[in-house]
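Peer 1: Following this line is data.cif, made up of mmCIF, C-alpha atoms:
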data_run
loop_
_atom_site.group_PDB
_atom_site.id
_atom_site.type_symbol
_atom_site.label_atom_id
_atom_site.label_comp_id
_atom_site.auth_asym_id
_atom_site.auth_seq_id
_atom_site.Cartn_x
_atom_site.Cartn_y
_atom_site.Cartn_z
ATOM 1 C CA MET L 1 -36.517 -72.051 -38.395
ATOM 2 C CA MET L 2 -34.576 -74.889 -36.875
ATOM 3 C CA ARG L 3 -31.238 -75.988 -38.187
ATOM 4 C CA ASN L 4 -30.102 -79.523 -38.428
ATOM 5 C CA TRP L 5 -26.737 -79.799 -36.695
ATOM 6 C CA ARG L 6 -24.698 -82.736 -37.705
ATOM 7 C CA SER L 7 -22.390 -84.312 -35.244
ATOM 8 C CA THR L 8 -18.831 -83.772 -36.396
ATOM 9 C CA PRO L 9 -16.171 -86.312 -35.551
ATOM 10 C CA ASP L 10 -13.853 -85.459 -32.686
ATOM 11 C CA ILE L 11 -10.667 -85.005 -34.697
ATOM 12 C CA ILE L 12 -8.493 -83.740 -31.854
ATOM 13 C CA SER L 13 -9.201 -86.779 -29.656
ATOM 14 C CA ASN L 14 -8.370 -89.162 -32.458
ATOM 15 C CA LEU L 15 -4.900 -87.805 -33.166
ATOM 16 C CA PRO L 16 -2.106 -90.382 -32.915
ATOM 17 C CA SER L 17 -0.159 -90.272 -29.628
ATOM 18 C CA ASN L 18 3.074 -89.140 -31.290
ATOM 19 C CA ILE L 19 1.276 -86.130 -32.815
ATOM 20 C CA MET L 20 -0.239 -85.236 -29.441
ATOM 21 C CA GLU L 21 3.194 -85.444 -27.811
ATOM 22 C CA THR L 22 4.730 -83.237 -30.506
ATOM 23 C CA ILE L 23 2.019 -80.609 -30.049
ATOM 24 C CA LEU L 24 2.520 -80.580 -26.280
ATOM 25 C CA LYS L 25 6.300 -80.412 -26.644
ATOM 26 C CA TYR L 26 6.095 -77.079 -28.481
ATOM 27 C CA LEU L 27 3.570 -75.467 -26.151
ATOM 28 C CA PRO L 28 4.563 -73.453 -23.085
ATOM 29 C CA LEU L 29 4.015 -75.569 -19.958
ATOM 30 C CA ARG L 30 0.955 -73.585 -18.849
ATOM 31 C CA ASP L 31 -0.755 -74.113 -22.224
ATOM 32 C CA ALA L 32 0.223 -77.793 -22.271
ATOM 33 C CA GLY L 33 -1.563 -78.199 -18.940
ATOM 34 C CA ARG L 34 -4.610 -76.430 -20.319
ATOM 35 C CA THR L 35 -4.989 -79.064 -23.051
ATOM 36 C CA SER L 36 -6.423 -81.312 -20.337
ATOM 37 C CA VAL L 37 -9.860 -79.863 -21.058
ATOM 38 C CA LEU L 38 -9.844 -80.911 -24.722
ATOM 39 C CA SER L 39 -10.937 -84.483 -24.132
ATOM 40 C CA ARG L 40 -10.523 -87.483 -21.883
ATOM 41 C CA ARG L 41 -7.586 -88.671 -23.983
ATOM 42 C CA TRP L 42 -5.736 -85.352 -23.537
ATOM 43 C CA ARG L 43 -6.519 -85.058 -19.819
ATOM 44 C CA TYR L 44 -3.249 -86.320 -18.334
ATOM 45 C CA LYS L 45 -1.100 -86.341 -21.454
ATOM 46 C CA TRP L 46 0.862 -83.257 -20.356
ATOM 47 C CA VAL L 47 2.177 -84.991 -17.196
ATOM 48 C CA THR L 48 4.420 -87.178 -19.353
ATOM 49 C CA LEU L 49 6.216 -84.297 -21.075
ATOM 50 C CA PRO L 50 9.941 -85.050 -21.368
ATOM 51 C CA GLN L 51 10.874 -81.454 -20.527
ATOM 52 C CA LEU L 52 9.718 -78.982 -17.901
ATOM 53 C CA VAL L 53 10.719 -75.390 -18.572
ATOM 54 C CA PHE L 54 9.986 -72.660 -16.049
ATOM 55 C CA GLN L 55 11.158 -69.295 -17.354
ATOM 56 C CA ASN L 56 10.027 -65.757 -18.183
ATOM 57 C CA GLN L 57 6.713 -66.467 -19.930
ATOM 58 C CA PHE L 58 5.664 -68.896 -17.207
ATOM 59 C CA PHE L 59 6.499 -66.480 -14.373
ATOM 60 C CA VAL L 60 4.752 -63.497 -15.953
ATOM 61 C CA SER L 61 1.452 -65.352 -16.258
ATOM 62 C CA SER L 62 1.526 -67.234 -12.941
ATOM 63 C CA GLY L 63 1.036 -64.561 -10.302
ATOM 64 C CA ASP L 64 2.827 -64.083 -6.993
ATOM 65 C CA THR L 65 5.980 -65.956 -5.998
ATOM 66 C CA GLU L 66 4.333 -68.278 -3.458
ATOM 67 C CA LYS L 67 1.771 -69.358 -6.033
ATOM 68 C CA ILE L 68 4.563 -70.019 -8.547
ATOM 69 C CA LYS L 69 6.414 -72.232 -6.044
ATOM 70 C CA VAL L 70 3.244 -74.228 -5.366
ATOM 71 C CA ILE L 71 2.608 -74.697 -9.097
ATOM 72 C CA ILE L 72 6.164 -75.946 -9.707
ATOM 73 C CA TYR L 73 5.877 -78.342 -6.775
ATOM 74 C CA GLN L 74 2.520 -79.680 -8.035
ATOM 75 C CA VAL L 75 3.857 -80.134 -11.569
ATOM 76 C CA LEU L 76 6.797 -82.141 -10.206
ATOM 77 C CA LEU L 77 4.474 -84.273 -8.074
ATOM 78 C CA LEU L 78 2.146 -84.984 -10.993
ATOM 79 C CA HIS L 79 4.876 -85.651 -13.548
ATOM 80 C CA GLN L 80 5.103 -89.274 -14.670
ATOM 81 C CA GLY L 81 7.882 -91.082 -16.462
ATOM 82 C CA PRO L 82 11.350 -89.919 -17.404
ATOM 83 C CA LEU L 83 12.237 -86.256 -17.571
ATOM 84 C CA VAL L 84 14.962 -85.429 -20.072
ATOM 85 C CA GLU L 85 15.194 -81.682 -19.392
ATOM 86 C CA PHE L 86 14.458 -79.398 -16.454
ATOM 87 C CA LYS L 87 14.967 -75.622 -16.606
ATOM 88 C CA LEU L 88 14.354 -73.070 -13.904
ATOM 89 C CA CYS L 89 15.519 -69.716 -15.254
ATOM 90 C CA ASN L 90 15.303 -66.381 -13.451
ATOM 91 C CA PRO L 91 12.397 -67.099 -11.112
ATOM 92 C CA PRO L 92 11.095 -64.042 -9.263
ATOM 93 C CA PHE L 93 11.998 -65.645 -5.917
ATOM 94 C CA GLY L 94 15.730 -66.338 -6.410
ATOM 95 C CA SER L 95 17.417 -68.776 -4.031
ATOM 96 C CA CYS L 96 15.011 -70.562 -1.695
ATOM 97 C CA LEU L 97 14.597 -73.779 0.251
ATOM 98 C CA ASP L 98 11.908 -74.958 -2.173
ATOM 99 C CA ILE L 99 14.566 -75.544 -4.833
ATOM 100 C CA ASN L 100 16.318 -77.902 -2.441
ATOM 101 C CA ASN L 101 13.061 -79.828 -2.055
ATOM 102 C CA TRP L 102 12.580 -80.140 -5.818
ATOM 103 C CA ILE L 103 16.060 -81.526 -6.555
ATOM 104 C CA PRO L 104 15.488 -84.927 -4.842
ATOM 105 C CA MET L 105 12.265 -85.291 -6.848
ATOM 106 C CA LEU L 106 14.227 -84.588 -10.018
ATOM 107 C CA SER L 107 17.036 -86.992 -9.106
ATOM 108 C CA LYS L 108 14.621 -89.901 -9.643
ATOM 109 C CA LYS L 109 13.686 -88.769 -13.160
ATOM 110 C CA ASN L 110 16.837 -89.638 -15.183
ATOM 111 C CA ILE L 111 17.493 -85.980 -16.044
ATOM 112 C CA GLN L 112 19.889 -85.421 -18.944
ATOM 113 C CA GLU L 113 19.733 -81.609 -19.111
ATOM 114 C CA PHE L 114 19.548 -79.500 -15.970
ATOM 115 C CA THR L 115 19.504 -75.698 -15.927
ATOM 116 C CA LEU L 116 19.259 -73.576 -12.801
ATOM 117 C CA CYS L 117 19.746 -69.830 -13.261
ATOM 118 C CA LEU L 118 19.155 -67.628 -10.232
ATOM 119 C CA ASP L 119 19.872 -63.917 -10.576
ATOM 120 C CA LEU L 120 18.147 -62.632 -7.440
ATOM 121 C CA GLY L 121 19.450 -62.811 -3.903
ATOM 122 C CA PRO L 122 22.402 -64.786 -2.551
ATOM 123 C CA ARG L 123 23.968 -67.675 -4.433
ATOM 124 C CA HIS L 124 22.082 -70.909 -3.993
ATOM 125 C CA GLU L 125 23.966 -73.786 -2.358
ATOM 126 C CA LEU L 126 23.060 -76.905 -4.289
ATOM 127 C CA ARG L 127 21.876 -80.028 -2.525
ATOM 128 C CA CYS L 128 24.022 -83.136 -2.753
ATOM 129 C CA ASP L 129 21.170 -84.862 -4.636
ATOM 130 C CA LEU L 130 22.165 -82.917 -7.763
ATOM 131 C CA PHE L 131 25.426 -84.837 -7.844
ATOM 132 C CA SER L 132 23.502 -88.117 -8.133
ATOM 133 C CA PHE L 133 22.107 -87.220 -11.585
ATOM 134 C CA LEU L 134 23.781 -90.194 -13.271
ATOM 135 C CA ARG L 135 22.535 -89.512 -16.817
ATOM 136 C CA LEU L 136 23.352 -85.801 -16.840
ATOM 137 C CA LYS L 137 24.751 -84.644 -20.201
ATOM 138 C CA HIS L 138 24.190 -80.862 -20.021
ATOM 139 C CA LEU L 139 24.513 -78.796 -16.852
ATOM 140 C CA THR L 140 23.984 -75.037 -16.699
ATOM 141 C CA LEU L 141 24.247 -73.189 -13.399
ATOM 142 C CA CYS L 142 24.008 -69.485 -12.650
ATOM 143 C CA GLY L 143 24.010 -67.861 -9.225
ATOM 144 C CA CYS L 144 24.892 -71.051 -7.343
ATOM 145 C CA VAL L 145 27.519 -72.552 -5.098
ATOM 146 C CA PHE L 146 29.049 -75.649 -6.698
ATOM 147 C CA LYS L 147 30.209 -77.762 -3.760
ATOM 148 C CA PRO L 148 30.152 -81.482 -4.552
ATOM 149 C CA PRO L 149 30.396 -84.064 -1.766
ATOM 150 C CA PRO L 150 33.865 -85.535 -1.098
ATOM 151 C CA ALA L 151 33.012 -88.876 -2.736
ATOM 152 C CA PHE L 152 31.874 -87.191 -5.983
ATOM 153 C CA LYS L 153 33.873 -88.474 -8.993
ATOM 154 C CA GLY L 154 32.222 -86.310 -11.641
ATOM 155 C CA PHE L 155 29.342 -86.617 -14.058
ATOM 156 C CA THR L 156 30.498 -89.474 -16.291
ATOM 157 C CA ARG L 157 28.214 -88.582 -19.219
ATOM 158 C CA LEU L 158 28.597 -84.806 -19.082
ATOM 159 C CA VAL L 159 29.102 -83.238 -22.518
ATOM 160 C CA ASN L 160 28.379 -79.571 -21.816
ATOM 161 C CA LEU L 161 29.016 -77.521 -18.671
ATOM 162 C CA ASN L 162 28.068 -73.839 -18.382
ATOM 163 C CA LEU L 163 28.804 -71.959 -15.161
ATOM 164 C CA TRP L 164 28.023 -68.262 -14.616
ATOM 165 C CA ASN L 165 28.392 -66.403 -11.362
ATOM 166 C CA VAL L 166 29.094 -69.696 -9.583
ATOM 167 C CA ASN L 167 31.229 -70.197 -6.495
ATOM 168 C CA ILE L 168 33.477 -73.229 -6.810
ATOM 169 C CA THR L 169 35.403 -74.712 -3.931
ATOM 170 C CA PRO L 170 39.216 -74.606 -4.285
ATOM 171 C CA GLU L 171 39.328 -78.402 -3.952
ATOM 172 C CA MET L 172 37.095 -78.695 -6.999
ATOM 173 C CA VAL L 173 39.434 -76.619 -9.150
ATOM 174 C CA GLY L 174 42.413 -78.767 -8.085
#
Please re-express this file's structure in structure tokens.
Peer 2:
Amino acid sequence: MMRNWRSTPDIISNLPSNIMETILKYLPLRDAGRTSVLSRRWRYKWVTLPQLVFQNQFFVSSGDTEKIKVIIYQVLLLHQGPLVEFKLCNPPFGSCLDINNWIPMLSKKNIQEFTLCLDLGPRHELRCDLFSFLRLKHLTLCGCVFKPPPAFKGFTRLVNLNLWNVNITPEMVG
């Protein structure tokens, strides 16, 4: 006996853009990327996310440290538009040169919230590009060396500053 299958409308592809963005916003980054297979309309929607969060859940499911670094680099390369928030918390690789390569990419994204927490290895010396984040409102650093360039006059829009296990130059304190 043959059944008559009716074609059902593609509800997920016809969602309004603001609903799609809200759904993606609440998904972990890995799952947001996986929505690309849902339909043509969802394919590159995740690359416009206003926040990129790389923390515990992401690291557990991503494999070895070199693979994780490559994934982060590819996500940053593919990302389009402004990026309000970037978080890199407790990566399994600690301080590394790759972080210094990601910061210039982020400096072009109008970041407002930046979090870098490194618990493994030596303290990470931040690149000068971090001090060019003109729209920065929230800065959280852990396991870093905070050494701004001599011409640095401060983050003019900064509202919240959290520093843990951070080396600060004596000139900065003065």
Peer 1: Which polymer residues have any atom within 12 Å of an atom of L:Leu126, counting all atoms listed in the file, with same-chain residues fewer than 4 positions away left out, as a PDB file with C-alpha atoms, in the coordinates of the input?
Peer 2:
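Dumped everything to result_21.pdb:
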ATOM      1  CA  SER L  95      17.417 -68.776  -4.031  1.00  0.00           C
ATOM      2  CA  CYS L  96      15.011 -70.562  -1.695  1.00  0.00           C
ATOM      3  CA  LEU L  97      14.597 -73.779   0.251  1.00  0.00           C
ATOM      4  CA  ASP L  98      11.908 -74.958  -2.173  1.00  0.00           C
ATOM      5  CA  ILE L  99      14.566 -75.544  -4.833  1.00  0.00           C
ATOM      6  CA  ASN L 100      16.318 -77.902  -2.441  1.00  0.00           C
ATOM      7  CA  ASN L 101      13.061 -79.828  -2.055  1.00  0.00           C
ATOM      8  CA  TRP L 102      12.580 -80.140  -5.818  1.00  0.00           C
ATOM      9  CA  ILE L 103      16.060 -81.526  -6.555  1.00  0.00           C
ATOM     10  CA  PRO L 104      15.488 -84.927  -4.842  1.00  0.00           C
ATOM     11  CA  LEU L 116      19.259 -73.576 -12.801  1.00  0.00           C
ATOM     12  CA  CYS L 117      19.746 -69.830 -13.261  1.00  0.00           C
ATOM     13  CA  LEU L 118      19.155 -67.628 -10.232  1.00  0.00           C
ATOM     14  CA  LEU L 130      22.165 -82.917  -7.763  1.00  0.00           C
ATOM     15  CA  PHE L 131      25.426 -84.837  -7.844  1.00  0.00           C
ATOM     16  CA  SER L 132      23.502 -88.117  -8.133  1.00  0.00           C
ATOM     17  CA  LEU L 141      24.247 -73.189 -13.399  1.00  0.00           C
ATOM     18  CA  CYS L 142      24.008 -69.485 -12.650  1.00  0.00           C
ATOM     19  CA  GLY L 143      24.010 -67.861  -9.225  1.00  0.00           C
ATOM     20  CA  CYS L 144      24.892 -71.051  -7.343  1.00  0.00           C
ATOM     21  CA  VAL L 145      27.519 -72.552  -5.098  1.00  0.00           C
ATOM     22  CA  PHE L 146      29.049 -75.649  -6.698  1.00  0.00           C
ATOM     23  CA  LYS L 147      30.209 -77.762  -3.760  1.00  0.00           C
ATOM     24  CA  PRO L 148      30.152 -81.482  -4.552  1.00  0.00           C
ATOM     25  CA  PRO L 149      30.396 -84.064  -1.766  1.00  0.00           C
ATOM     26  CA  VAL L 166      29.094 -69.696  -9.583  1.00  0.00           C
ATOM     27  CA  ASN L 167      31.229 -70.197  -6.495  1.00  0.00           C
ATOM     28  CA  ILE L 168      33.477 -73.229  -6.810  1.00  0.00           C
TER      29      ILE L 168
END
Peer 1: Which value, in Å to one decimal, gives the distance between atom CA of L:Asn160 and atom CA of L:Gln55?
Peer 2: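 Separation of atom CA of L:Asn160 and atom CA of L:Gln55: 20.5 Å.
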Peer 1: Using all atoms listed in the file, which of L:Val70, L:Ile12, L:Val84, L:Val159 sits nearest L:Leu38?
Peer 2: L:Ile12
Peer 1: Rank L:Arg127, L:Arg40, L:Arg135, L:Lys69 by their smallest atom-to-atom distance to L:Leu83, using all atoms listed in the file, and report the top residue only.
Peer 2: L:Arg135
Peer 1: Expressed in Å to a single decimal, how great is the separation between atom CA of L:Val37 and atom CA of L:Val60?
Peer 2: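 Computing the Euclidean distance for atom CA of L:Val37 and atom CA of L:Val60 yields 22.5 Å.
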Peer 1: Taking all atoms of stretch 156-161 of chain L that appear in the file, build a box with edges along x, y and z, extend it by 8 Å on every side, and state its centre and edge lengths in Å to one decimal, as lines of an AutoDock Vina configuration file.
Peer 2:
center_x = 29.4
center_y = -83.5
center_z = -19.4
size_x = 18.3
size_y = 28.0
size_z = 22.2
Peer 1: Just how far from atom CA of L:Leu88 is atom CA of L:Glu113, in Å to one decimal?
Peer 2: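 That distance, rounded to one decimal, is 11.4 Å.
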Peer 1: Considering all atoms listed in the file, tabulate each residue of stretch 30-128 of chain L that lies at most 10 Å from stretch 15-20 of chain L along with its nearest interatomic pair and the corresponding distance in Å to one decimal; arrange the rows by chain and ascending residue number and present them as a tab-separated table.
Peer 2:
residue	atom	partner	partner_atom	distance
L:Arg41	CA	L:Ser17	CA	9.5
L:Trp42	CA	L:Met20	CA	8.1
L:Lys45	CA	L:Met20	CA	8.1
L:Trp46	CA	L:Met20	CA	9.4
Peer 1: Using all atoms listed in the file, find the one residue out of L:His138, L:Arg43, L:Lys67, L:His124 that sits nearest to L:Phe86.
Peer 2: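 Closest candidate: L:His138.
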Peer 1: Of the residues L:Leu78, L:Val47, L:Ile111, L:Ile71, which is the one nearest to L:Lys25, using only C-alpha atoms?
Peer 2: L:Val47
Peer 1: Quick one: everything within 9 Å of L:Arg157, counting all atoms listed in the file, minus sequence neighbours fewer than 3 positions away in the same chain. Send it as JSON, numbers by chain.
Peer 2: {"L": [112, 134, 135, 136, 137, 138, 154]}
Peer 1: Go ahead and dump the residues you just picked, C-alpha atoms, as a short mmCIF file (atom, residue, chain, number, x, y, z; two decimals), keeping the file's coordinate frame.
Peer 2:
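And here's again22.cif as it stands now:
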data_model
loop_
_atom_site.label_atom_id
_atom_site.label_comp_id
_atom_site.auth_asym_id
_atom_site.auth_seq_id
_atom_site.Cartn_x
_atom_site.Cartn_y
_atom_site.Cartn_z
CA GLN L 112 19.89 -85.42 -18.94
CA LEU L 134 23.78 -90.19 -13.27
CA ARG L 135 22.54 -89.51 -16.82
CA LEU L 136 23.35 -85.80 -16.84
CA LYS L 137 24.75 -84.64 -20.20
CA HIS L 138 24.19 -80.86 -20.02
CA GLY L 154 32.22 -86.31 -11.64
#
Peer 1: Kindly resolve the PyMOL selection byres ((chain L and resi 79) around 8) on the present coordinates and return the residues as a PyMOL selection string.
Peer 2: chain L and resi 47-49+75-78+80-81
